[in-house]
$ cat coords27.cif   # mmCIF, C-alpha atoms
data_data
#
loop_
_atom_site.label_atom_id
_atom_site.label_comp_id
_atom_site.auth_asym_id
_atom_site.auth_seq_id
_atom_site.Cartn_x
_atom_site.Cartn_y
_atom_site.Cartn_z
CA MET A 4 -176.03 149.91 62.27
CA THR A 5 -179.47 150.25 60.65
CA VAL A 6 -181.26 147.08 59.57
CA ILE A 7 -184.40 146.97 57.45
CA LYS A 8 -186.10 143.58 57.33
CA GLY A 9 -189.17 142.09 55.73
CA ASP A 10 -190.66 138.86 54.42
CA SER A 11 -192.62 137.81 51.32
CA SER A 12 -192.16 135.76 48.17
CA VAL A 13 -190.10 135.69 44.99
CA THR A 14 -191.76 135.25 41.64
CA GLY A 15 -189.25 132.89 40.06
CA PRO A 16 -186.02 130.92 40.41
CA PHE A 17 -182.62 131.50 38.93
CA SER A 18 -182.06 129.64 35.66
CA ALA A 19 -179.16 127.22 35.34
CA ARG A 20 -176.75 128.12 32.59
CA PRO A 21 -175.42 125.50 30.17
CA SER A 22 -171.86 126.05 31.36
CA ASP A 23 -172.73 125.29 34.99
CA SER A 24 -172.53 121.82 36.49
CA GLY A 25 -172.84 120.15 39.87
CA SER A 26 -175.49 120.36 42.56
CA PRO A 27 -176.33 123.51 44.56
CA ALA A 28 -176.07 123.56 48.33
CA PRO A 29 -179.65 124.20 49.54
CA GLY A 30 -180.02 127.25 51.75
CA ARG A 31 -176.32 128.23 51.43
CA PRO A 32 -175.89 131.98 50.97
CA SER A 33 -173.10 132.01 48.41
CA THR A 34 -170.97 129.97 46.03
CA PRO A 35 -167.14 130.16 46.15
CA ASP A 36 -165.46 131.17 42.94
CA ASN A 37 -163.95 127.71 42.39
CA LEU A 38 -167.28 125.82 42.64
CA PRO A 39 -170.16 125.45 40.14
CA ASP A 40 -172.87 128.09 40.27
CA PRO A 41 -175.97 126.35 38.85
CA TRP A 42 -178.53 128.83 40.21
CA GLY A 43 -176.57 131.94 39.20
CA VAL A 44 -176.11 133.02 42.83
CA ARG A 45 -172.53 134.24 42.34
CA ARG A 46 -173.58 136.15 39.24
CA ALA A 47 -176.36 137.89 41.18
CA GLU A 48 -174.05 138.73 44.10
CA ASN A 49 -171.43 140.19 41.73
CA LEU A 50 -174.14 142.29 40.11
CA LEU A 51 -175.37 143.62 43.46
CA THR A 52 -171.89 144.50 44.73
CA SER A 53 -171.33 146.52 41.55
CA LEU A 54 -174.17 148.87 42.50
CA GLU A 55 -173.39 152.23 44.08
CA GLY A 56 -173.04 152.12 47.86
CA ILE A 57 -173.25 148.31 48.25
CA LEU A 58 -170.22 146.87 50.02
CA SER A 59 -171.24 143.19 50.20
CA ALA A 60 -174.15 140.95 49.20
CA ARG A 61 -175.35 137.49 50.13
CA VAL A 62 -178.12 135.73 48.18
CA VAL A 63 -179.84 132.75 49.85
CA THR A 64 -181.78 130.28 47.68
CA THR A 65 -184.09 127.34 48.26
CA PRO A 66 -183.24 123.86 46.88
CA LEU A 67 -185.33 124.78 43.82
CA GLY A 68 -183.24 127.87 43.13
CA GLU A 69 -185.81 130.42 44.32
CA VAL A 70 -184.46 133.41 46.22
CA SER A 71 -185.53 133.29 49.86
CA GLU A 72 -183.38 136.11 51.27
CA ILE A 73 -181.02 138.83 50.09
CA HIS A 74 -178.68 140.36 52.69
CA ILE A 75 -176.97 143.63 51.79
CA LEU A 76 -174.28 145.61 53.60
CA ALA A 77 -174.31 149.20 52.36
CA GLN A 78 -172.50 152.41 53.12
CA SER A 79 -174.08 154.64 55.72
CA GLY A 80 -175.74 157.82 54.52
CA LEU A 81 -177.56 156.28 51.56
CA ALA A 82 -181.36 155.99 51.61
CA PRO A 83 -182.27 152.33 52.27
CA LYS A 84 -185.41 152.55 50.13
CA GLN A 85 -183.36 153.79 47.18
CA ILE A 86 -180.88 150.92 47.65
CA VAL A 87 -183.76 148.42 47.58
CA ARG A 88 -185.18 149.99 44.42
CA ASN A 89 -181.74 149.83 42.77
CA ILE A 90 -181.46 146.14 43.69
CA GLU A 91 -184.92 145.33 42.31
CA SER A 92 -184.21 147.20 39.06
CA ALA A 93 -180.78 145.62 38.55
CA LEU A 94 -181.98 142.05 39.12
CA LEU A 95 -184.94 142.54 36.78
CA ALA A 96 -182.98 144.27 34.04
CA GLN A 97 -179.83 142.11 34.08
CA LEU A 98 -181.16 138.68 35.16
CA GLY A 99 -184.90 138.89 34.48
CA LEU A 100 -185.50 138.16 38.16
CA ARG A 101 -188.36 139.90 39.99
CA VAL A 102 -187.76 139.94 43.75
CA ASP A 103 -190.23 141.24 46.31
CA HIS A 104 -188.64 144.12 48.23
CA ARG A 105 -189.59 142.50 51.56
CA LYS A 106 -187.07 139.75 50.86
CA ILE A 107 -184.23 142.29 50.92
CA SER A 108 -182.49 143.05 54.22
CA ILE A 109 -180.32 146.18 54.28
CA ALA A 110 -177.62 146.77 56.91
CA GLN A 111 -175.72 150.05 56.87
CA THR A 112 -172.34 150.49 58.48
CA ALA A 113 -169.19 152.55 58.27
CA GLU A 114 -166.95 149.64 59.28
CA VAL A 115 -163.85 148.97 57.18
CA GLN A 116 -164.31 145.17 56.98
CA PRO A 117 -167.71 144.74 55.22
CA LEU A 118 -167.39 141.06 54.33
CA GLU A 119 -166.78 139.89 57.89
CA ALA A 120 -169.42 142.28 59.21
CA VAL A 121 -172.20 141.02 56.94
CA GLU A 122 -171.34 137.38 57.65
CA VAL A 123 -171.58 137.99 61.41
CA ALA A 124 -174.83 139.95 60.99
CA VAL A 125 -176.45 137.20 58.91
CA ARG A 126 -175.35 134.48 61.35
CA GLN A 127 -176.64 136.39 64.39
CA LYS A 128 -179.92 137.12 62.63
CA ALA A 129 -180.46 133.44 61.80
CA LEU A 130 -179.67 132.29 65.34
CA HIS A 131 -181.92 134.98 66.81
CA ARG A 132 -185.03 134.05 64.89
CA ALA A 133 -184.94 130.25 64.59
CA VAL A 134 -185.78 127.38 66.88
CA LEU A 135 -182.79 125.04 66.69
CA PHE A 136 -182.68 121.26 66.85
CA GLU A 137 -180.55 120.01 69.76
CA ASN A 138 -181.17 116.31 70.30
CA LEU A 139 -183.48 113.35 69.74
CA GLN A 140 -183.41 110.26 71.92
CA VAL A 141 -185.31 106.99 71.47
CA SER A 142 -185.55 104.68 74.49
CA PRO A 143 -187.68 101.70 75.59
CA GLY A 144 -191.20 102.53 76.72
CA ARG A 145 -192.90 101.59 79.95
CA ARG A 146 -194.53 98.57 78.35
CA PRO A 147 -193.36 95.96 75.83
CA HIS A 148 -193.40 96.97 72.18
CA ARG A 149 -193.51 100.64 73.07
CA ILE A 150 -190.87 103.35 72.86
CA MET A 151 -190.24 106.77 74.41
CA ILE A 152 -189.09 109.61 72.14
CA THR A 153 -187.49 112.70 73.68
CA VAL A 154 -187.04 115.81 71.55
CA THR A 155 -184.87 118.73 72.67
CA LEU A 156 -184.96 122.11 70.93
CA SER A 157 -183.49 125.49 71.84
CA PHE A 158 -184.42 129.10 71.27
CA ARG A 159 -181.96 131.90 72.09
CA GLY A 160 -179.97 129.58 74.33
CA GLN A 161 -182.99 128.22 76.21
CA ARG A 162 -183.35 124.44 75.90
CA GLU A 163 -186.71 122.69 76.16
CA SER A 164 -187.50 118.96 75.99
CA ALA A 165 -190.67 116.91 75.63
CA ASP A 166 -191.35 113.16 75.83
CA GLU A 167 -193.86 111.19 73.78
CA GLU A 168 -194.55 107.46 74.14
CA SER A 169 -195.87 105.40 71.24
CA SER A 170 -196.10 101.90 69.85
CA ASP A 171 -192.95 100.66 68.13
CA THR A 172 -194.13 100.95 64.50
CA PRO A 173 -192.68 103.20 61.77
CA ARG A 174 -195.78 105.38 61.49
CA SER A 175 -196.24 105.73 65.25
CA ARG A 176 -192.58 106.61 65.75
CA VAL A 177 -192.82 109.42 63.20
CA GLU A 178 -196.02 110.75 64.73
CA ALA A 179 -194.54 110.62 68.24
CA ALA A 180 -191.40 112.52 67.21
CA ALA A 181 -193.47 115.19 65.47
CA LYS A 182 -195.83 115.50 68.44
CA ALA A 183 -192.93 115.88 70.89
CA ALA A 184 -191.44 118.61 68.69
CA VAL A 185 -194.77 120.44 68.53
CA THR A 186 -195.09 120.19 72.33
CA VAL A 187 -191.73 121.92 72.76
CA LEU A 188 -192.71 124.64 70.31
CA ASP A 189 -195.99 125.20 72.11
CA ARG A 190 -194.11 125.88 75.35
CA LEU A 191 -192.19 128.66 73.63
CA MET A 192 -195.39 130.44 72.59
CA THR A 193 -197.26 132.98 74.73
CA ASP A 194 -200.59 134.09 73.25
CA HIS A 195 -200.47 131.56 70.41
CA SER A 196 -200.36 127.80 70.19
CA VAL A 197 -199.53 124.96 67.81
CA ALA A 198 -201.01 121.48 67.55
CA LEU A 199 -200.08 118.48 65.42
CA GLU A 200 -202.58 117.69 62.70
CA GLY A 201 -200.75 114.64 61.37
CA ALA A 202 -197.41 113.13 60.34
CA LYS A 203 -196.52 110.42 57.84
CA ILE A 204 -193.79 109.06 55.60
CA VAL A 205 -194.20 109.78 51.89
CA GLU A 206 -192.22 108.63 48.86
CA ALA A 207 -191.24 111.02 46.07
CA PHE A 208 -188.42 111.21 43.55
CA ASP A 209 -187.10 107.80 44.65
CA ARG A 210 -186.62 109.10 48.19
CA GLU A 211 -188.54 109.01 51.46
CA PHE A 212 -189.67 112.15 53.28
CA ALA A 213 -191.29 112.90 56.61
CA PHE A 214 -194.34 115.07 55.96
CA VAL A 215 -196.23 116.90 58.72
CA ALA A 216 -199.23 119.19 59.07
CA VAL A 217 -199.44 121.53 62.06
CA GLN A 218 -202.28 123.80 63.13
CA GLY A 219 -201.20 127.31 64.09
CA LEU A 220 -203.69 128.79 66.54
CA GLY A 221 -203.83 132.41 67.65
CA GLY A 222 -206.94 134.38 68.55
CA ARG A 223 -209.32 134.03 65.61
CA GLU A 224 -206.50 132.93 63.34
CA THR A 225 -206.19 129.25 62.46
CA LEU A 226 -203.68 128.27 59.82
CA LEU A 227 -202.62 124.87 58.50
CA LEU A 228 -198.84 124.74 58.27
CA MET A 229 -197.09 122.01 56.29
CA GLY A 230 -193.45 120.97 56.21
CA SER A 231 -191.24 118.15 54.99
CA SER A 232 -187.73 116.79 55.43
CA GLN A 233 -185.87 114.05 53.60
CA ILE A 234 -185.22 110.96 55.71
CA LYS A 235 -181.46 110.52 56.05
CA GLU A 236 -180.36 109.48 59.54
CA SER A 237 -183.76 108.38 60.86
CA ALA A 238 -187.46 108.94 60.20
CA GLU A 239 -187.91 110.35 63.71
CA ARG A 240 -185.21 112.97 63.19
CA ALA A 241 -186.69 113.91 59.82
CA ALA A 242 -190.10 114.35 61.47
CA VAL A 243 -188.66 116.90 63.90
CA PHE A 244 -187.03 118.85 61.05
CA ALA A 245 -190.31 118.72 59.13
CA VAL A 246 -192.08 120.34 62.09
CA LEU A 247 -189.46 123.10 62.18
CA ASP A 248 -189.78 123.52 58.42
CA ALA A 249 -193.54 123.98 58.81
CA THR A 250 -193.53 126.31 61.80
CA ASN A 251 -190.38 128.44 62.03
CA ARG A 252 -191.62 131.17 59.72
CA TRP A 253 -195.06 131.31 61.38
CA THR A 254 -193.84 131.16 64.99
CA ASP A 255 -190.99 133.67 64.58
CA PRO A 256 -193.05 136.87 65.07
CA ARG A 257 -195.24 135.17 67.71
CA ARG A 258 -192.52 134.04 70.12
CA PRO A 259 -191.69 136.29 73.07
CA ASN A 260 -188.81 138.70 72.53
#

$ encode --input "coords27.cif" --output "structure tokens"
Amino acid sequence: MTVIKGDSSVTGPFSARPSDSGSPAPGRPSTPDNLPDPWGVRRAENLLTSLEGILSARVVTTPLGEVSEIHILAQSGLAPKQIVRNIESALLAQLGLRVDHRKISIAQTAEVQPLEAVEVAVRQKALHRAVLFENLQVSPGRRPHRIMITVTLSFRGQRESADEESSDTPRSRVEAAAKAAVTVLDRLMTDHSVALEGAKIVEAFDREFAFVAVQGLGGRETLLLMGSSQIKESAERAAVFAVLDATNRWTDPRRPN
């Protein structure tokens, strides 16, 4: 199997059609035929699978409807660059959607069951590249009015944990959870490092979010990474997911293979 992978940006989101209703599932690759298709994902996938040599297609969108990834399973023997050009031309001509070619991942196979094969390939690819949340524990600290936060993450089956003690206030709890998550990430790095710049709770759209800023450090490169996560179960948990949101894309090529 040949896989061609890249990463960049998409110029615009899908447009909701008047006949569509319901809410999209953020980050989900496809929409079943019996569910609403507000971002036009199913329409795009049907278009791509109609192209010559393409056996199956999965389009992944952000909560705003922007395309973040396109996964294609194609017949072997076709030129991958030509397949990518066909995809770009079809999306632009039929849907008015301009997609950077580095967002398109092409897998070629001669297997008879393309749908199952592409689903397995996408799942394995996601698990291979991402740091995964495992657990968060909040326990009493060593002194009164203090707490201990333990964050556990995993990468390719390897689990790492870090503790961070803080005062028992909403802001301190969020900062401690974010700092513990950054500490775990830093242990997974080799020649690069990450450090917490700050974490806080912000209100937007009648909801609360954990918002973090992380410094990515590597050689002469210093980059401010920002991430957010809606507070649902707890602010501490949201802070950990905000750290992963900020850093997963940056740390992916910098973690050891």

$ closest_residue --input "coords27.cif" --among "A:Val197, A:Leu220, A:Ile152, A:Met192" --to "Glu239 (chain A)" --atoms "all atoms listed in the file"
A:Ile152

$ residues_around --input "coords27.cif" --residues "Ser237 (chain A)" --least-positions-apart "4" --cutoff "10 Å" --atoms "all atoms listed in the file" --output "list in words"
Val177, Ala213, Gln233, Ala241 and Ala242 of chain A

$ residues_around --input "coords27.cif" --residues "Ile73 (chain A)" --least-positions-apart "6" --cutoff "10 Å" --atoms "all atoms listed in the file" --output "PyMOL selection string"
chain A and resi 32+48+51+60-64+90+102+104-109

$ closest_residue --input "coords27.cif" --among "A:Gln111, A:Val70, A:Leu95, A:Glu163" --to "Leu58 (chain A)" --atoms "only C-alpha atoms"
A:Gln111

$ closest_residue --input "coords27.cif" --among "A:Ile204, A:Arg88, A:Leu191, A:Ser232" --to "Arg159 (chain A)" --atoms "all atoms listed in the file"
A:Leu191

$ closest_residue --input "coords27.cif" --among "A:Val134, A:Val141, A:Ala179, A:Leu100" --to "Arg162 (chain A)" --atoms "all atoms listed in the file"
A:Val134

$ resolve_selection --input "coords27.cif" --expression "the PyMOL selection byres ((chain A and resi 82) around 12)" --output "list in words"
Thr5, Val6, Ile7, Glu55, Gly56, Ile57, Ala77, Gln78, Ser79, Gly80, Leu81, Pro83, Lys84, Gln85, Ile86, Val87, Arg88, Asn89, Ile109, Ala110 and Gln111 of chain A

$ write_last_selection --input "coords27.cif" --atoms "C-alpha atoms" --output "PDB file, in the coordinates of the input"
ATOM      1  CA  THR A   5    -179.470 150.250  60.650  1.00  0.00           C
ATOM      2  CA  VAL A   6    -181.260 147.080  59.570  1.00  0.00           C
ATOM      3  CA  ILE A   7    -184.400 146.970  57.450  1.00  0.00           C
ATOM      4  CA  GLU A  55    -173.390 152.230  44.080  1.00  0.00           C
ATOM      5  CA  GLY A  56    -173.040 152.120  47.860  1.00  0.00           C
ATOM      6  CA  ILE A  57    -173.250 148.310  48.250  1.00  0.00           C
ATOM      7  CA  ALA A  77    -174.310 149.200  52.360  1.00  0.00           C
ATOM      8  CA  GLN A  78    -172.500 152.410  53.120  1.00  0.00           C
ATOM      9  CA  SER A  79    -174.080 154.640  55.720  1.00  0.00           C
ATOM     10  CA  GLY A  80    -175.740 157.820  54.520  1.00  0.00           C
ATOM     11  CA  LEU A  81    -177.560 156.280  51.560  1.00  0.00           C
ATOM     12  CA  PRO A  83    -182.270 152.330  52.270  1.00  0.00           C
ATOM     13  CA  LYS A  84    -185.410 152.550  50.130  1.00  0.00           C
ATOM     14  CA  GLN A  85    -183.360 153.790  47.180  1.00  0.00           C
ATOM     15  CA  ILE A  86    -180.880 150.920  47.650  1.00  0.00           C
ATOM     16  CA  VAL A  87    -183.760 148.420  47.580  1.00  0.00           C
ATOM     17  CA  ARG A  88    -185.180 149.990  44.420  1.00  0.00           C
ATOM     18  CA  ASN A  89    -181.740 149.830  42.770  1.00  0.00           C
ATOM     19  CA  ILE A 109    -180.320 146.180  54.280  1.00  0.00           C
ATOM     20  CA  ALA A 110    -177.620 146.770  56.910  1.00  0.00           C
ATOM     21  CA  GLN A 111    -175.720 150.050  56.870  1.00  0.00           C
TER      22      GLN A 111
END

$ closest_residue --input "coords27.cif" --among "A:Glu206, A:Glu200, A:Glu137, A:Glu91" --to "Phe158 (chain A)" --atoms "all atoms listed in the file"
A:Glu137

$ closest_residue --input "coords27.cif" --among "A:His195, A:His74, A:Arg149, A:Lys203" --to "Ala181 (chain A)" --atoms "all atoms listed in the file"
A:Lys203

$ residues_near_point --input "coords27.cif" --point "(-193.5, 121.4, 72.6)" --cutoff "12 Å" --atoms "all atoms listed in the file" --output "PyMOL selection string"
chain A and resi 134+153-158+162-167+179-192+196-199+243+246-247+250

$ atom_distance --input "coords27.cif" --atom1 "CA of Arg45 (chain A)" --atom2 "CA of Gly68 (chain A)"
12.5 Å

$ atom_distance --input "coords27.cif" --atom1 "CA of Thr225 (chain A)" --atom2 "CA of Glu69 (chain A)"
27.3 Å

$ atom_distance --input "coords27.cif" --atom1 "CA of Leu67 (chain A)" --atom2 "CA of Thr52 (chain A)"
23.9 Å

$ resolve_selection --input "coords27.cif" --expression "the PyMOL selection byres ((chain A and resi 216) around 8)" --output "VMD selection string"
chain A and resid 199 to 202 214 to 215 217 to 218 227 to 230 246 249

$ decode --input "coords27.cif" --residues "region 146-173 of chain A" --atoms "N, CA and C atoms" --output "tab-separated table (two decimals), in the first residue's frame"
chain	number	residue	atom	x	y	z
A	146	ARG	N	-1.18	20.17	51.78
A	146	ARG	CA	-1.56	21.17	52.77
A	146	ARG	C	-3.03	21.53	52.61
A	147	PRO	N	-3.64	22.12	53.62
A	147	PRO	CA	-5.06	22.51	53.50
A	147	PRO	C	-5.27	23.49	52.35
A	148	HIS	N	-6.42	23.40	51.75
A	148	HIS	CA	-6.83	24.28	50.66
A	148	HIS	C	-5.95	24.14	49.42
A	149	ARG	N	-5.34	22.99	49.29
A	149	ARG	CA	-4.54	22.72	48.09
A	149	ARG	C	-4.96	21.36	47.52
A	150	ILE	N	-4.76	21.21	46.22
A	150	ILE	CA	-5.13	19.97	45.55
A	150	ILE	C	-3.95	19.45	44.72
A	151	MET	N	-4.00	18.16	44.39
A	151	MET	CA	-3.01	17.54	43.51
A	151	MET	C	-3.73	17.04	42.27
A	152	ILE	N	-3.27	17.46	41.10
A	152	ILE	CA	-3.86	17.05	39.83
A	152	ILE	C	-2.88	16.14	39.11
A	153	THR	N	-3.35	14.97	38.72
A	153	THR	CA	-2.53	13.99	38.00
A	153	THR	C	-3.12	13.79	36.62
A	154	VAL	N	-2.31	14.02	35.60
A	154	VAL	CA	-2.72	13.87	34.21
A	154	VAL	C	-1.96	12.71	33.59
A	155	THR	N	-2.70	11.82	32.93
A	155	THR	CA	-2.09	10.67	32.25
A	155	THR	C	-2.44	10.73	30.77
A	156	LEU	N	-1.41	10.69	29.93
A	156	LEU	CA	-1.57	10.66	28.48
A	156	LEU	C	-0.84	9.45	27.94
A	157	SER	N	-1.12	9.09	26.69
A	157	SER	CA	-0.41	7.96	26.08
A	157	SER	C	-0.05	8.31	24.65
A	158	PHE	N	1.02	7.69	24.18
A	158	PHE	CA	1.47	7.87	22.81
A	158	PHE	C	2.01	6.54	22.32
A	159	ARG	N	1.32	5.95	21.32
A	159	ARG	CA	1.68	4.65	20.77
A	159	ARG	C	1.77	3.58	21.86
A	160	GLY	N	0.80	3.61	22.77
A	160	GLY	CA	0.74	2.60	23.81
A	160	GLY	C	1.57	2.88	25.05
A	161	GLN	N	2.40	3.90	25.01
A	161	GLN	CA	3.21	4.27	26.17
A	161	GLN	C	2.49	5.32	27.00
A	162	ARG	N	2.25	5.00	28.27
A	162	ARG	CA	1.54	5.90	29.17
A	162	ARG	C	2.52	6.70	30.01
A	163	GLU	N	2.23	7.99	30.15
A	163	GLU	CA	3.05	8.88	30.98
A	163	GLU	C	2.12	9.70	31.86
A	164	SER	N	2.55	9.96	33.11
A	164	SER	CA	1.76	10.75	34.04
A	164	SER	C	2.61	11.86	34.64
A	165	ALA	N	1.95	12.91	35.07
A	165	ALA	CA	2.63	14.01	35.75
A	165	ALA	C	1.69	14.59	36.80
A	166	ASP	N	2.25	15.00	37.94
A	166	ASP	CA	1.48	15.60	39.03
A	166	ASP	C	1.76	17.10	39.10
A	167	GLU	N	0.75	17.85	39.50
A	167	GLU	CA	0.92	19.29	39.71
A	167	GLU	C	0.03	19.70	40.86
A	168	GLU	N	0.64	20.33	41.88
A	168	GLU	CA	-0.11	20.78	43.05
A	168	GLU	C	-0.42	22.27	42.92
A	169	SER	N	-1.61	22.66	43.37
A	169	SER	CA	-2.00	24.06	43.27
A	169	SER	C	-2.98	24.40	44.37
A	170	SER	N	-3.26	25.69	44.52
A	170	SER	CA	-4.30	26.12	45.44
A	170	SER	C	-5.66	25.72	44.87
A	171	ASP	N	-6.64	25.56	45.75
A	171	ASP	CA	-7.95	25.06	45.33
A	171	ASP	C	-8.85	26.22	44.90
A	172	THR	N	-8.49	26.85	43.78
A	172	THR	CA	-9.30	27.91	43.17
A	172	THR	C	-9.53	27.54	41.71
A	173	PRO	N	-10.62	28.01	41.10
A	173	PRO	CA	-10.90	27.63	39.71
A	173	PRO	C	-9.75	27.94	38.75
